Every structure is written in structure tokens, then in C-alpha cells.
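Peer 1: Structure supplied as final00.csv; contents: CSV, C-alpha atoms.
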```csv
chain,number,residue,atom,x,y,z
U,841,MET,CA,-5.9,-32.1,-6.6
U,842,VAL,CA,-5.7,-28.8,-4.7
U,843,ASP,CA,-7.0,-29.0,-1.1
U,844,PRO,CA,-10.0,-26.8,-0.4
U,845,LEU,CA,-9.5,-23.8,1.8
U,846,PRO,CA,-10.6,-24.1,5.4
U,847,ALA,CA,-14.0,-22.5,6.0
U,848,GLU,CA,-12.6,-19.6,7.9
U,849,LEU,CA,-10.1,-18.8,5.2
U,850,GLU,CA,-12.7,-19.2,2.5
U,851,GLY,CA,-15.0,-16.7,4.2
U,852,THR,CA,-12.1,-14.2,4.5
U,853,VAL,CA,-11.2,-14.6,0.8
U,854,ALA,CA,-14.9,-14.1,-0.2
U,855,GLU,CA,-15.3,-11.0,1.9
U,856,LEU,CA,-12.1,-9.3,0.7
U,857,ALA,CA,-12.7,-10.3,-2.9
U,858,GLY,CA,-16.2,-8.8,-2.7
U,859,ALA,CA,-14.9,-5.6,-1.1
U,860,LEU,CA,-12.1,-5.1,-3.7
U,861,PHE,CA,-13.7,-6.3,-6.9
U,862,ALA,CA,-17.4,-5.6,-6.4
U,863,GLY,CA,-16.8,-2.0,-5.4
U,864,MET,CA,-18.2,-2.5,-1.9
U,865,SER,CA,-15.6,-0.4,-0.1
U,866,ALA,CA,-13.0,2.3,-0.7
U,867,PRO,CA,-9.5,0.9,-0.7
U,868,VAL,CA,-8.6,2.5,2.6
U,869,ASP,CA,-11.6,0.8,4.2
U,870,VAL,CA,-10.4,-2.5,2.8
U,871,LEU,CA,-7.0,-2.0,4.4
U,872,ARG,CA,-8.7,-1.3,7.7
U,873,ARG,CA,-10.8,-4.5,7.3
U,874,ILE,CA,-7.7,-6.5,6.5
U,875,VAL,CA,-5.9,-5.6,9.7
U,876,GLU,CA,-9.1,-6.3,11.6
U,877,LEU,CA,-9.4,-9.7,10.0
U,878,ALA,CA,-5.8,-10.5,10.8
U,879,VAL,CA,-6.6,-10.2,14.5
U,880,GLU,CA,-9.9,-12.0,14.1
U,881,THR,CA,-8.7,-14.9,12.1
U,882,VAL,CA,-5.0,-15.4,12.7
U,883,SER,CA,-5.0,-17.3,16.0
U,884,GLY,CA,-1.7,-15.9,17.3
U,885,CYS,CA,-2.2,-12.3,16.3
U,886,ASP,CA,-3.1,-9.7,18.9
U,887,PHE,CA,-2.5,-6.5,16.9
U,888,ALA,CA,-2.0,-5.8,13.2
U,889,GLY,CA,-1.1,-2.8,11.0
U,890,ILE,CA,0.1,-1.7,7.6
U,891,LEU,CA,3.2,0.4,7.2
U,892,VAL,CA,3.6,2.3,3.9
U,893,ALA,CA,6.2,4.6,2.4
U,894,GLU,CA,5.2,8.2,1.8
U,895,ALA,CA,7.1,11.2,0.5
U,896,GLY,CA,8.4,12.1,4.0
U,897,GLY,CA,9.2,8.5,5.0
U,898,MET,CA,7.2,5.5,6.4
U,899,ALA,CA,3.7,6.0,8.0
U,900,THR,CA,0.9,3.8,9.4
U,901,ALA,CA,-1.9,3.3,6.8
U,902,ALA,CA,-4.1,1.1,9.1
U,903,ALA,CA,-3.9,-0.2,12.6
U,904,THR,CA,-6.1,-2.2,15.0
U,905,ALA,CA,-4.8,-0.4,18.1
U,906,GLU,CA,-2.6,2.6,19.1
U,907,VAL,CA,0.2,0.2,20.2
U,908,VAL,CA,0.6,-0.7,16.5
U,909,VAL,CA,1.3,3.0,15.7
U,910,ASP,CA,3.9,3.0,18.6
U,911,LEU,CA,5.5,-0.2,17.2
U,912,HIS,CA,5.7,1.4,13.8
U,913,ARG,CA,7.1,4.6,15.3
U,914,LEU,CA,9.9,2.6,17.0
U,915,GLN,CA,11.0,1.2,13.6
U,916,ILE,CA,10.6,4.5,11.8
U,917,GLU,CA,12.8,6.3,14.4
U,918,ALA,CA,15.4,3.6,14.3
U,919,GLN,CA,15.1,3.1,10.5
U,920,GLU,CA,15.2,-0.6,11.1
U,921,GLY,CA,13.0,-3.5,12.2
U,922,PRO,CA,11.2,-6.6,10.9
U,923,CYS,CA,8.8,-4.5,8.9
U,924,PHE,CA,11.6,-2.5,7.3
U,925,ASP,CA,13.4,-5.8,6.5
U,926,ALA,CA,10.3,-7.3,4.9
U,927,VAL,CA,10.0,-4.3,2.6
U,928,ALA,CA,13.7,-4.1,1.8
U,929,MET,CA,14.1,-7.9,1.1
U,930,ARG,CA,10.7,-8.4,-0.4
U,931,THR,CA,10.1,-11.5,1.7
U,932,ALA,CA,8.3,-12.3,5.0
U,933,CYS,CA,10.2,-11.6,8.2
U,934,SER,CA,9.3,-13.6,11.3
U,935,VAL,CA,10.5,-13.1,14.8
U,936,THR,CA,9.9,-15.8,17.3
U,937,ASP,CA,10.8,-13.9,20.5
U,938,LEU,CA,12.0,-10.3,20.7
U,939,VAL,CA,13.5,-11.0,24.1
U,940,THR,CA,16.2,-13.2,22.7
U,941,ASP,CA,16.3,-11.9,19.1
U,942,ARG,CA,18.8,-9.0,18.9
U,943,THR,CA,18.6,-8.3,15.2
U,944,TRP,CA,17.2,-4.8,15.9
U,945,PRO,CA,18.1,-3.9,19.5
U,946,PRO,CA,16.3,-0.5,19.7
U,947,PHE,CA,13.1,-1.9,18.3
U,948,ALA,CA,13.2,-5.1,20.2
U,949,GLU,CA,13.7,-3.3,23.5
U,950,GLY,CA,10.9,-0.9,22.9
U,951,ALA,CA,8.6,-3.6,21.6
U,952,VAL,CA,9.1,-5.8,24.6
U,953,GLU,CA,8.4,-2.8,26.9
U,954,LEU,CA,5.1,-2.5,25.0
U,955,GLY,CA,4.3,-6.2,25.7
U,956,ILE,CA,5.1,-7.6,22.2
U,957,ARG,CA,7.2,-10.8,21.8
U,958,SER,CA,6.4,-12.1,18.3
U,959,VAL,CA,6.3,-10.4,14.9
U,960,LEU,CA,5.3,-11.5,11.5
U,961,ALA,CA,5.8,-9.0,8.7
U,962,TYR,CA,4.9,-9.4,5.0
U,963,PRO,CA,5.9,-7.1,2.1
U,964,LEU,CA,2.8,-6.1,0.1
U,965,THR,CA,2.9,-7.3,-3.6
U,966,SER,CA,2.0,-3.8,-4.7
U,967,ALA,CA,3.1,-1.9,-7.8
U,968,GLY,CA,2.9,1.3,-5.8
U,969,LEU,CA,4.7,2.5,-2.7
U,970,PRO,CA,6.8,0.0,-0.6
U,971,SER,CA,4.6,-1.3,2.3
U,972,ALA,CA,4.2,-4.1,4.7
U,973,LEU,CA,1.4,-5.9,6.6
U,974,ASN,CA,2.6,-6.5,10.2
U,975,LEU,CA,1.2,-8.9,12.7
U,976,TYR,CA,2.1,-8.6,16.4
U,977,ALA,CA,1.6,-11.0,19.3
U,978,GLU,CA,2.1,-10.8,23.1
U,979,LEU,CA,3.3,-14.4,23.3
U,980,PRO,CA,6.6,-15.8,22.0
U,981,ALA,CA,6.4,-18.3,19.1
U,982,ALA,CA,2.8,-17.2,18.5
U,983,PHE,CA,2.6,-17.8,14.8
U,984,GLY,CA,2.4,-21.4,13.4
U,985,ALA,CA,2.5,-22.6,9.8
U,986,THR,CA,-1.3,-22.0,9.3
U,987,ASP,CA,-1.0,-18.5,10.7
U,988,ARG,CA,1.9,-17.7,8.3
U,989,ALA,CA,-0.2,-19.0,5.4
U,990,HIS,CA,-3.2,-16.9,6.4
U,991,GLY,CA,-1.0,-13.8,6.9
U,992,LEU,CA,0.4,-14.3,3.4
U,993,LEU,CA,-3.1,-14.4,2.0
U,994,LEU,CA,-4.1,-11.2,3.8
U,995,SER,CA,-0.9,-9.5,2.5
U,996,ILE,CA,-1.9,-10.4,-1.1
U,997,PHE,CA,-5.2,-8.7,-0.7
U,998,ALA,CA,-3.6,-5.7,1.1
U,999,GLY,CA,-1.3,-5.3,-1.9
U,1000,LEU,CA,-4.3,-5.3,-4.3
U,1001,ALA,CA,-6.0,-2.7,-2.1
U,1002,MET,CA,-2.9,-0.5,-2.2
U,1003,ASP,CA,-2.8,-0.7,-6.0
U,1004,ALA,CA,-6.5,0.1,-6.0
U,1005,ALA,CA,-5.9,3.1,-3.8
U,1006,ASP,CA,-3.0,4.3,-6.0
U,1007,SER,CA,-5.2,4.0,-9.1
U,1008,GLN,CA,-8.0,5.9,-7.4
U,1009,ALA,CA,-5.7,8.7,-6.3
U,1010,ARG,CA,-4.3,9.0,-9.9
U,1011,ALA,CA,-7.9,9.1,-11.3
U,1012,GLU,CA,-8.8,11.8,-8.8
U,1013,ARG,CA,-5.8,13.8,-9.7
U,1014,ARG,CA,-6.6,13.5,-13.4
U,1015,GLU,CA,-10.2,14.6,-12.7
U,1016,GLU,CA,-9.1,17.6,-10.7
U,1017,HIS,CA,-6.6,18.6,-13.5
U,1018,LEU,CA,-9.5,18.4,-16.0
U,1019,ARG,CA,-11.8,20.5,-13.8
U,1020,ALA,CA,-9.0,23.1,-13.4
U,1021,ALA,CA,-8.4,23.2,-17.1
U,1022,LEU,CA,-12.2,23.6,-17.8
U,1023,ARG,CA,-12.4,26.4,-15.2
U,1024,SER,CA,-9.4,28.1,-16.8
U,1025,ARG,CA,-10.9,27.8,-20.2
U,1026,GLU,CA,-14.2,29.3,-19.0
U,1027,LEU,CA,-12.4,32.2,-17.3
U,1028,ILE,CA,-10.3,33.0,-20.3
U,1029,GLY,CA,-13.4,32.9,-22.5
U,1030,GLN,CA,-15.1,35.4,-20.2
U,1031,ALA,CA,-12.1,37.7,-20.4
U,1032,GLN,CA,-12.0,37.4,-24.2
U,1033,GLY,CA,-15.6,38.3,-24.3
U,1034,ILE,CA,-15.0,41.5,-22.2
U,1035,LEU,CA,-12.1,42.6,-24.4
U,1036,MET,CA,-14.0,41.9,-27.6
U,1037,GLU,CA,-16.9,44.0,-26.6
U,1038,ARG,CA,-14.8,46.8,-25.1
U,1039,GLU,CA,-12.0,47.0,-27.7
U,1040,ARG,CA,-14.1,46.0,-30.7
U,1041,ILE,CA,-11.6,43.2,-31.6
U,1042,THR,CA,-11.9,39.6,-32.7
U,1043,SER,CA,-11.6,36.6,-30.4
U,1044,ASP,CA,-8.1,35.8,-31.7
U,1045,GLN,CA,-7.0,39.4,-31.1
U,1046,ALA,CA,-8.5,39.3,-27.5
U,1047,PHE,CA,-6.6,36.1,-26.8
U,1048,ALA,CA,-3.4,37.5,-28.2
U,1049,LEU,CA,-3.8,40.5,-25.9
U,1050,LEU,CA,-4.3,38.3,-22.9
U,1051,ARG,CA,-1.3,36.2,-23.8
U,1052,ALA,CA,0.9,39.2,-24.3
U,1053,SER,CA,-0.2,40.6,-20.9
U,1054,SER,CA,0.6,37.2,-19.3
U,1055,GLN,CA,4.1,37.3,-20.8
U,1056,HIS,CA,4.7,40.9,-19.9
U,1057,LEU,CA,3.5,40.5,-16.3
U,1058,ASN,CA,5.1,37.1,-16.0
U,1059,VAL,CA,1.9,35.6,-14.5
U,1060,LYS,CA,-0.2,32.7,-15.8
U,1061,LEU,CA,-2.8,33.4,-18.5
U,1062,ARG,CA,-5.7,32.4,-16.3
U,1063,GLU,CA,-4.6,34.8,-13.6
U,1064,VAL,CA,-4.6,37.7,-16.1
U,1065,ALA,CA,-8.1,36.6,-17.2
U,1066,ARG,CA,-9.3,36.4,-13.6
U,1067,GLU,CA,-8.0,39.9,-12.9
U,1068,LEU,CA,-9.8,41.2,-15.9
U,1069,VAL,CA,-13.1,39.4,-15.1
U,1070,GLU,CA,-13.0,40.5,-11.4
U,1071,THR,CA,-11.8,44.1,-11.8
U,1072,GLY,CA,-12.8,45.0,-15.3
U,1073,GLU,CA,-9.4,46.5,-15.9
U,1074,THR,CA,-7.7,45.9,-19.2
U,1075,PRO,CA,-4.4,44.1,-18.6
U,1076,ALA,CA,-1.1,45.8,-19.5
U,1077,ALA,CA,0.4,44.2,-22.6
U,1078,GLY,CA,3.8,46.0,-22.5
U,1079,GLY,CA,5.3,48.2,-25.1
```
For this file, produce the structure as C-alpha cells.

Peer 2:
Amino acid sequence: MVDPLPAELEGTVAELAGALFAGMSAPVDVLRRIVELAVETVSGCDFAGILVAEAGGMATAAATAEVVVDLHRLQIEAQEGPCFDAVAMRTACSVTDLVTDRTWPPFAEGAVELGIRSVLAYPLTSAGLPSALNLYAELPAAFGATDRAHGLLLSIFAGLAMDAADSQARAERREEHLRAALRSRELIGQAQGILMERERITSDQAFALLRASSQHLNVKLREVARELVETGETPAAGG
């Protein structure tokens, strides 16, 4: 028989599941709530953040305090650290005390100066960009077994939120492409109508003239149509 979740964890699961699957929040808001919950419910955690890969490198997607952004920046500049290792090795990375752990000297030195001694980093189980949920503590050996289990649970939801954000972004891009295509179609139709009336030609002939002008001028068909609609000048089709 599976042991029931502690009441605190059960509440966390219920809140995040509702936010993700009941459409209560945008994915980016869910990420912010996850890092807030990490601080609120993981007893050893003082600060939390999510580091995600972007086109230009890694960046902070959510953070509970500015110090998290600084800790992420230390790893980005050094191109190494527990968060980078968690992403690269696809497994949790735990640091008991950065004063004695010299795995990443530049990061450890900078983190200790910022008052951080313990780190717990989880790769997000996301189909999208590589990313990690990172928990930071001011005390050494701050994270126990329960903390690690809770952090893993939060990282699972963070991965789901990242996937939701990626799906949302793709849907928005598709919608924008569709709107752009409809605008182009409307513009080309207006240009065809002008040519049909002015030149006493058919719709197909008007479209052929616009296409020939596009090829002759080496500009997109919608730009030729826009120029005609805005200026009233018949485009050059070449000889």
C-alpha cells in the first residue's frame, strides 16, 4: 500500500495540478509559484529559481530573490556549477557545503560570498529546452531526505509547466502566422481588385501581373500589393 502524502505536500500537489490542468494560470505564473512554494514548503530552502536554456545561452526564468539571479549569473559566466551539472547529467545535483566542496571553484567562491552554503538542483523533465529547478540555502547540510523528495515533486511540475509554456508559444506563433497569411491574402485581393478595374482584366490576369512584378522587383508579393493599394501606382512587371 502506498503511503499517503503529508498534508503539506498534498496541498502543494493540489494547487499546482489545479494551476496547470484547470487553466488557472499562465505557465510562466506557475513557474513563479513553484519557486515560491519551494521556499515556503522545503524547510531548508531560503531561495529558489529556475534556469532555462535560450538561444543565447542560459537565463533565469523565475526567481524568489535577486540573489538567485546572481547565483545563476555566476554559473552562466563560469559555464559550470550544480545547475549546469543537473541539466547535463539529467540527475539531481546536491551540494552539502560550498565552503568545502571544490567541484566548481569560481561558483563556490562567489556563492559563499553571497551567503549560500547548500544547493539542490533538479533537471526539469521537460521535452523542451534544458532547464533546472535550483534550491539554495544559507546553512550547510540544509536539505534532508524529505526536502529532496519535495524538491523532486516541484521539479516534475516545473517540467510540465515548461512544456505547457512551449506549447503555448508554438500555438501563438501558429496563430500569428495565420493572421499574417490572412492579412496578406486580403491585401493581395485589394490589389487585384484595383488592377481588374483599372486594366479591365480578370482576377487571374491581375494576380499574374502582381506575381510578375514581384519577381521582377525581387520583393514579396504582399509588398507589391501593399505598394499598389497605398500609392495607386501600377507595379512594374518588367519586359

Peer 1: Identify, on the basis of all atoms listed in the file, every residue whose closest approach to range 1037-1047 of chain U does not exceed 12 Å; exclude the query and any residue fewer than 2 positions from it along the same chain; express the result as a list in words.

Peer 2: Arg1025, Leu1027, Ile1028, Gly1029, Gln1030, Ala1031, Gln1032, Gly1033, Ile1034, Leu1035, Leu1049, Leu1050, Arg1051, Ala1052, Ser1053, Ser1054, Leu1061, Arg1062, Val1064, Ala1065, Leu1068, Gly1072, Glu1073, Thr1074, Pro1075 and Ala1077 of chain U

Peer 1: Of the candidates U:Leu973, U:Thr943, U:Glu894, U:Gly950, which one gets nearest to Val927 in chain U if we count all atoms listed in the file?

Peer 2: U:Leu973

Peer 1: My list of candidates is U:Ala985, U:Leu960, U:Leu994, U:Val909. Which is closest to Leu877 in chain U when distances are computed with all atoms listed in the file?

Peer 2: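 Closest residue, counting all atoms listed in the file: U:Leu994.
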
Peer 1: How far is it from CA of Thr881 in chain U to CA of Ile916 in chain U, in Å with one decimal?

Peer 2: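 A separation of 27.4 Å between them.
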
Peer 1: Calculated over only C-alpha atoms, which of the candidates U:Ala1001, U:Gly984, U:Val907, U:Cys885 has the smallest distance to Glu953 in chain U?

Peer 2: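 Nearest candidate to Glu953 in chain U out of U:Ala1001, U:Gly984, U:Val907, U:Cys885: U:Val907.
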
Peer 1: Could you check how far CA of Gln919 in chain U sits from CA of Glu876 in chain U, in Å to one decimal?

Peer 2: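 So the two atoms, CA of Gln919 in chain U and CA of Glu876 in chain U, lie 26.0 Å apart.
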
Peer 1: For the atom pair CA of Asp869 in chain U and CA of Ala903 in chain U, what is the interatomic distance in Å to one decimal place?

Peer 2: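 Calculated distance between CA of Asp869 in chain U and CA of Ala903 in chain U is 11.4 Å.
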
Peer 1: If we count all atoms listed in the file and set the cut-off at 8 Å, which residues sit around Ser958 in chain U, ignoring sequence neighbours fewer than 2 positions away in its own chain? Please answer as a PyMOL selection string.

Peer 2: chain U and resi 934-938+956+960+976-983

Peer 1: Can you sort out the box for range 1042-1060 of chain U, edges along x, y and z, all listed atoms in, 6 Å on every side, with centre and edge lengths in Å to one decimal, as AutoDock Vina command-line options?

Peer 2:
```
--center_x -3.4 --center_y 36.8 --center_z -23.6 --size_x 29.0 --size_y 20.2 --size_z 30.2
```

Peer 1: Find the spatial neighbours of Arg872 in chain U, counting all atoms listed in the file, within a cut-off of 12 Å - ignore same-chain residues fewer than 6 positions away - and output them as a list in words.

Peer 2: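 These residues fall inside the cut-off: Leu856, Ala859, Ser865, Ala866, Ala878, Val879, Ala888, Gly889, Ile890, Thr900, Ala901, Ala902, Ala903, Thr904, Ala905, Leu973, Leu994, Phe997, Ala998, Ala1001 and Met1002 of chain U.
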